[in-house]
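Trainee: Got target_30.json for you, JSON, C-alpha atoms:
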```json
[["chain", "number", "residue", "atom", "x", "y", "z"],
["A", 1, "MET", "CA", -38.55, 19.41, -24.51],
["A", 2, "THR", "CA", -35.59, 18.22, -22.48],
["A", 3, "LYS", "CA", -33.57, 15.15, -23.41],
["A", 4, "ALA", "CA", -34.99, 13.37, -20.36],
["A", 5, "THR", "CA", -38.57, 14.09, -21.39],
["A", 6, "GLN", "CA", -37.77, 12.90, -24.91],
["A", 7, "THR", "CA", -36.27, 9.63, -23.68],
["A", 8, "LEU", "CA", -39.16, 9.05, -21.28],
["A", 9, "THR", "CA", -41.73, 9.68, -24.02],
["A", 10, "LEU", "CA", -39.97, 7.24, -26.35],
["A", 11, "LEU", "CA", -39.81, 4.64, -23.57],
["A", 12, "VAL", "CA", -43.52, 4.99, -22.71],
["A", 13, "LEU", "CA", -44.45, 4.85, -26.39],
["A", 14, "THR", "CA", -42.51, 1.66, -27.13],
["A", 15, "THR", "CA", -43.76, 0.04, -23.91],
["A", 16, "GLY", "CA", -47.32, 0.93, -24.89],
["A", 17, "ILE", "CA", -46.95, -0.58, -28.35],
["A", 18, "TRP", "CA", -45.32, -3.70, -26.90],
["A", 19, "LEU", "CA", -48.11, -4.13, -24.31],
["A", 20, "THR", "CA", -50.72, -3.70, -27.02],
["A", 21, "LEU", "CA", -49.13, -6.53, -28.96],
["A", 22, "LEU", "CA", -48.62, -8.63, -25.83],
["A", 23, "PHE", "CA", -52.25, -8.54, -24.70],
["A", 24, "GLU", "CA", -53.42, -9.11, -28.28],
["A", 25, "ILE", "CA", -55.38, -5.85, -28.39],
["A", 26, "VAL", "CA", -53.89, -5.75, -31.87],
["A", 27, "LYS", "CA", -53.56, -9.29, -33.24],
["A", 28, "VAL", "CA", -50.27, -10.58, -34.55],
["A", 29, "PRO", "CA", -49.80, -13.39, -37.15],
["A", 30, "ALA", "CA", -48.69, -16.79, -35.92],
["A", 31, "PRO", "CA", -44.93, -17.08, -35.33],
["A", 32, "LEU", "CA", -44.64, -13.38, -34.34],
["A", 33, "ASP", "CA", -46.71, -13.93, -31.20],
["A", 34, "GLN", "CA", -43.94, -16.21, -29.92],
["A", 35, "ILE", "CA", -41.45, -13.38, -30.37],
["A", 36, "VAL", "CA", -43.43, -10.54, -28.72],
["A", 37, "PRO", "CA", -43.02, -11.65, -25.06],
["A", 38, "THR", "CA", -39.26, -12.05, -25.51],
["A", 39, "LEU", "CA", -38.59, -8.64, -27.09],
["A", 40, "PRO", "CA", -37.60, -6.68, -23.92],
["A", 41, "LEU", "CA", -35.12, -9.38, -22.94],
["A", 42, "TRP", "CA", -33.74, -9.39, -26.48],
["A", 43, "VAL", "CA", -33.25, -5.61, -26.30],
["A", 44, "ILE", "CA", -31.35, -5.95, -23.02],
["A", 45, "VAL", "CA", -29.12, -8.77, -24.34],
["A", 46, "SER", "CA", -28.42, -6.89, -27.58],
["A", 47, "PHE", "CA", -27.60, -3.71, -25.65],
["A", 48, "GLY", "CA", -25.16, -5.65, -23.47],
["A", 49, "ALA", "CA", -23.55, -7.17, -26.56],
["A", 50, "TYR", "CA", -23.31, -3.70, -28.13],
["A", 51, "LEU", "CA", -21.59, -2.27, -25.04],
["A", 52, "LEU", "CA", -19.12, -5.16, -24.85],
["A", 53, "GLY", "CA", -18.41, -4.96, -28.58],
["A", 54, "THR", "CA", -17.84, -1.19, -28.54],
["A", 55, "LEU", "CA", -15.45, -1.51, -25.59],
["A", 56, "GLY", "CA", -13.56, -4.32, -27.32],
["A", 57, "TRP", "CA", -13.33, -2.42, -30.60],
["A", 58, "ASN", "CA", -12.03, 0.73, -28.89],
["A", 59, "ILE", "CA", -9.44, -1.29, -26.97],
["A", 60, "PHE", "CA", -8.39, -3.08, -30.16],
["A", 61, "THR", "CA", -8.00, 0.10, -32.23],
["A", 62, "PHE", "CA", -6.45, 2.31, -29.53],
["A", 63, "GLN", "CA", -3.58, 4.43, -30.88],
["A", 64, "ASP", "CA", -0.77, 5.79, -28.76],
["A", 65, "LYS", "CA", -0.86, 9.56, -28.40],
["A", 66, "GLU", "CA", 2.75, 10.70, -28.01],
["A", 67, "ALA", "CA", 2.08, 14.39, -27.29],
["A", 68, "ALA", "CA", -0.68, 13.69, -24.78],
["A", 69, "TYR", "CA", 1.59, 11.14, -23.04],
["A", 70, "HIS", "CA", 4.40, 13.64, -22.54],
["A", 71, "SER", "CA", 2.10, 16.46, -21.45],
["A", 72, "LEU", "CA", 0.46, 14.09, -18.95],
["A", 73, "LEU", "CA", 3.86, 13.10, -17.50],
["A", 74, "LYS", "CA", 4.73, 16.79, -17.12],
["A", 75, "GLU", "CA", 1.42, 17.49, -15.35],
["A", 76, "ILE", "CA", 2.04, 14.56, -12.98],
["A", 77, "ASP", "CA", 5.51, 15.97, -12.19],
["A", 78, "GLU", "CA", 4.11, 19.44, -11.52],
["A", 79, "ALA", "CA", 1.41, 18.01, -9.27],
["A", 80, "LYS", "CA", 3.97, 15.96, -7.33],
["A", 81, "ARG", "CA", 6.19, 19.05, -6.80],
["A", 82, "ASP", "CA", 3.22, 21.17, -5.79],
["A", 83, "LEU", "CA", 2.01, 18.59, -3.25],
["A", 84, "LYS", "CA", 5.54, 18.12, -1.89],
["A", 85, "GLY", "CA", 5.60, 21.85, -1.19],
["A", 86, "ARG", "CA", 2.51, 21.32, 0.97],
["A", 87, "GLY", "CA", 4.00, 18.35, 2.77],
["A", 88, "VAL", "CA", 2.42, 15.43, 0.84],
["A", 89, "THR", "CA", 4.80, 12.88, -0.75],
["A", 90, "ILE", "CA", 3.64, 10.73, -3.64],
["A", 91, "ASP", "CA", 5.91, 8.04, -5.11],
["B", 1, "MET", "CA", -0.76, 0.95, -30.31],
["B", 2, "ALA", "CA", -2.22, -0.87, -27.35],
["B", 3, "SER", "CA", 0.16, -3.69, -26.42],
["B", 4, "GLY", "CA", -0.26, -7.18, -27.90],
["B", 5, "ILE", "CA", -2.14, -8.74, -25.02],
["B", 6, "ASP", "CA", -4.50, -5.75, -24.73],
["B", 7, "LYS", "CA", -5.31, -5.90, -28.43],
["B", 8, "PHE", "CA", -6.02, -9.61, -28.07],
["B", 9, "ILE", "CA", -8.39, -8.99, -25.15],
["B", 10, "GLY", "CA", -10.16, -6.24, -27.09],
["B", 11, "LEU", "CA", -10.57, -8.46, -30.11],
["B", 12, "LEU", "CA", -11.80, -11.32, -27.92],
["B", 13, "MET", "CA", -14.43, -9.07, -26.30],
["B", 14, "LEU", "CA", -15.58, -7.94, -29.74],
["B", 15, "LEU", "CA", -15.84, -11.51, -31.07],
["B", 16, "ILE", "CA", -17.72, -12.74, -27.98],
["B", 17, "ALA", "CA", -20.14, -9.82, -28.20],
["B", 18, "THR", "CA", -20.78, -10.47, -31.91],
["B", 19, "ALA", "CA", -21.23, -14.21, -31.37],
["B", 20, "VAL", "CA", -23.62, -13.72, -28.45],
["B", 21, "PHE", "CA", -25.67, -11.19, -30.40],
["B", 22, "ALA", "CA", -25.86, -13.36, -33.55],
["B", 23, "TYR", "CA", -26.71, -16.57, -31.70],
["B", 24, "TYR", "CA", -29.28, -14.95, -29.41],
["B", 25, "THR", "CA", -30.96, -13.03, -32.24],
["B", 26, "ALA", "CA", -31.16, -16.19, -34.36],
["B", 27, "TRP", "CA", -32.55, -18.10, -31.38],
["B", 28, "VAL", "CA", -35.23, -15.58, -30.39],
["B", 29, "LEU", "CA", -36.20, -13.81, -33.62],
["B", 30, "VAL", "CA", -35.49, -16.30, -36.41],
["B", 31, "MET", "CA", -36.22, -19.81, -35.05],
["B", 32, "PRO", "CA", -39.98, -19.20, -34.53],
["B", 33, "PHE", "CA", -40.24, -18.89, -38.31],
["B", 34, "VAL", "CA", -38.45, -22.18, -38.96],
["B", 35, "ASP", "CA", -40.76, -25.22, -39.24],
["B", 36, "GLN", "CA", -40.65, -27.88, -36.54],
["B", 37, "GLY", "CA", -38.39, -30.76, -37.53],
["B", 38, "HIS", "CA", -36.01, -28.65, -39.60],
["B", 39, "PRO", "CA", -32.39, -29.69, -38.78],
["B", 40, "LEU", "CA", -31.59, -26.05, -37.85],
["B", 41, "HIS", "CA", -33.43, -26.57, -34.56],
["B", 42, "GLU", "CA", -30.67, -29.01, -33.51],
["B", 43, "LEU", "CA", -28.32, -26.04, -33.07],
["B", 44, "PHE", "CA", -30.44, -24.44, -30.34],
["B", 45, "PRO", "CA", -31.71, -25.62, -26.94],
["B", 46, "PRO", "CA", -35.47, -25.40, -26.25],
["B", 47, "ARG", "CA", -36.74, -21.81, -26.29],
["B", 48, "GLU", "CA", -37.53, -21.57, -22.58],
["B", 49, "TRP", "CA", -33.77, -21.50, -22.05],
["B", 50, "ALA", "CA", -33.53, -18.36, -24.22],
["B", 51, "ILE", "CA", -35.46, -16.66, -21.40],
["B", 52, "ARG", "CA", -33.99, -18.46, -18.40],
["B", 53, "ILE", "CA", -30.28, -18.00, -19.15],
["B", 54, "PRO", "CA", -30.27, -14.17, -19.57],
["B", 55, "VAL", "CA", -32.65, -13.66, -16.63],
["B", 56, "VAL", "CA", -30.50, -15.84, -14.34],
["B", 57, "LEU", "CA", -27.34, -14.05, -15.51],
["B", 58, "ILE", "CA", -28.91, -10.63, -14.89],
["B", 59, "LEU", "CA", -30.08, -11.66, -11.39],
["B", 60, "VAL", "CA", -26.71, -13.18, -10.48],
["B", 61, "GLY", "CA", -24.84, -10.18, -11.89],
["B", 62, "GLY", "CA", -27.10, -7.74, -10.06],
["B", 63, "GLY", "CA", -26.66, -9.75, -6.86],
["B", 64, "LEU", "CA", -22.87, -9.64, -7.16],
["B", 65, "VAL", "CA", -22.84, -5.88, -7.80],
["B", 66, "GLY", "CA", -25.26, -5.30, -4.90],
["B", 67, "SER", "CA", -23.18, -7.46, -2.54],
["B", 68, "PHE", "CA", -20.00, -5.63, -3.49],
["B", 69, "ILE", "CA", -21.60, -2.23, -2.90],
["B", 70, "SER", "CA", -23.06, -3.41, 0.43],
["B", 71, "MET", "CA", -19.65, -4.72, 1.58],
["B", 72, "VAL", "CA", -17.96, -1.43, 0.73],
["B", 73, "MET", "CA", -20.67, 0.60, 2.48],
["B", 74, "ILE", "CA", -20.51, -1.54, 5.62],
["B", 75, "ARG", "CA", -16.73, -1.29, 5.69],
["B", 76, "THR", "CA", -16.88, 2.51, 5.35],
["B", 77, "ALA", "CA", -19.52, 2.82, 8.06],
["B", 78, "ARG", "CA", -17.46, 0.62, 10.38],
["B", 79, "LYS", "CA", -14.36, 2.76, 9.81],
["B", 80, "GLN", "CA", -16.31, 5.94, 10.56],
["B", 81, "ALA", "CA", -17.86, 4.40, 13.69],
["B", 82, "GLY", "CA", -14.38, 3.27, 14.79],
["B", 83, "LYS", "CA", -12.98, 6.76, 14.20],
["B", 84, "SER", "CA", -15.75, 8.56, 16.09],
["B", 85, "LYS", "CA", -15.31, 6.17, 19.06],
["B", 86, "THR", "CA", -11.58, 6.83, 19.44],
["B", 87, "LYS", "CA", -12.25, 10.61, 19.17]]
```
Show the structure stored in the file as structure tokens.
Mentor:
Amino acid sequence: MTKATQTLTLLVLTTGIWLTLLFEIVKVPAPLDQIVPTLPLWVIVSFGAYLLGTLGWNIFTFQDKEAAYHSLLKEIDEAKRDLKGRGVTID
Amino acid sequence: MASGIDKFIGLLMLLIATAVFAYYTAWVLVMPFVDQGHPLHELFPPREWAIRIPVVLILVGGGLVGSFISMVMIRTARKQAGKSKTK
């Protein structure tokens, strides 16, 4: 089973369960039936918050990488020289 | 280390994300279990807004992204049409 098939199956399964609860094919006790219709939106909002939080955390804890910095500068220099040889100038 | 201002922005994004998640989860998942008239309800607007605000934001955000993409595509098509005319 490919990853795509797996994800699709999971999606269809959760949607099916949610629809069953939504249309009261399986009954839900009192305050929960107020929550059921809002669940997909809650998932989307939480996912957005998770993405923003992960980005923020990675920015906050980013460490300088000295060796990678120098090797990158060297590669940029080599690329510039190589392109200059073919008539392209980059500042 | 990322420079001072970058770290601050990263931290700010993290705090906003946490606050949004906590507030929204409390609003949608917890408040239905709290009896009417409990003072906790004062902290939250009526529940219809818990649906309206994210939906409006998603539609507006999607509209902005779509408009930007359309603008770029039209600009590219115009450039190509201009080029093929002068050829």
Trainee: Quick one: pull the distance between atom CA of Leu11 of chain B and atom CA of Gly56 of chain A, Å, one decimal.
Mentor: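 Interatomic distance here is 5.8 Å.
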Trainee: Between A:Ile44, A:Leu10, A:Ile90, A:Ala68, which residue has the minimum interatomic distance to chain B, considering all atoms listed in the file?
Mentor: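 Counting all atoms listed in the file, the residue closest to chain B is A:Ile44.
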Trainee: Pick out the closest residue to Leu57 of chain B from this set: A:Ile25, A:Thr9, A:Thr2, A:Leu41. Count all atoms listed in the file.
Mentor: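 Answer, going by the shortest atom-to-atom distance: A:Leu41.
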Trainee: Residues of chain A within 12 Å of chain B, counting all atoms listed in the file - could you list those as a PyMOL selection string?
Mentor: chain A and resi 29-66
Trainee: Please, what distance in Å, to one decimal, runs between atom CA of Trp27 of chain B and atom CA of Arg52 of chain B?
Mentor: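 Distance between the two atoms: 13.1 Å.
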Trainee: Box along x, y and z, 6 Å on every side, all listed atoms of segment 28-40 of chain A inside: centre and edge lengths in Å to one decimal, as AutoDock Vina command-line options.
Mentor:
```
--center_x -43.9 --center_y -11.9 --center_z -30.5 --size_x 24.7 --size_y 22.4 --size_z 25.2
```
Trainee: Go ahead and compute the interatomic distance for atom CA of Ile53 of chain B and atom CA of Gly66 of chain B, in Å to one decimal.
Mentor: 19.7 Å
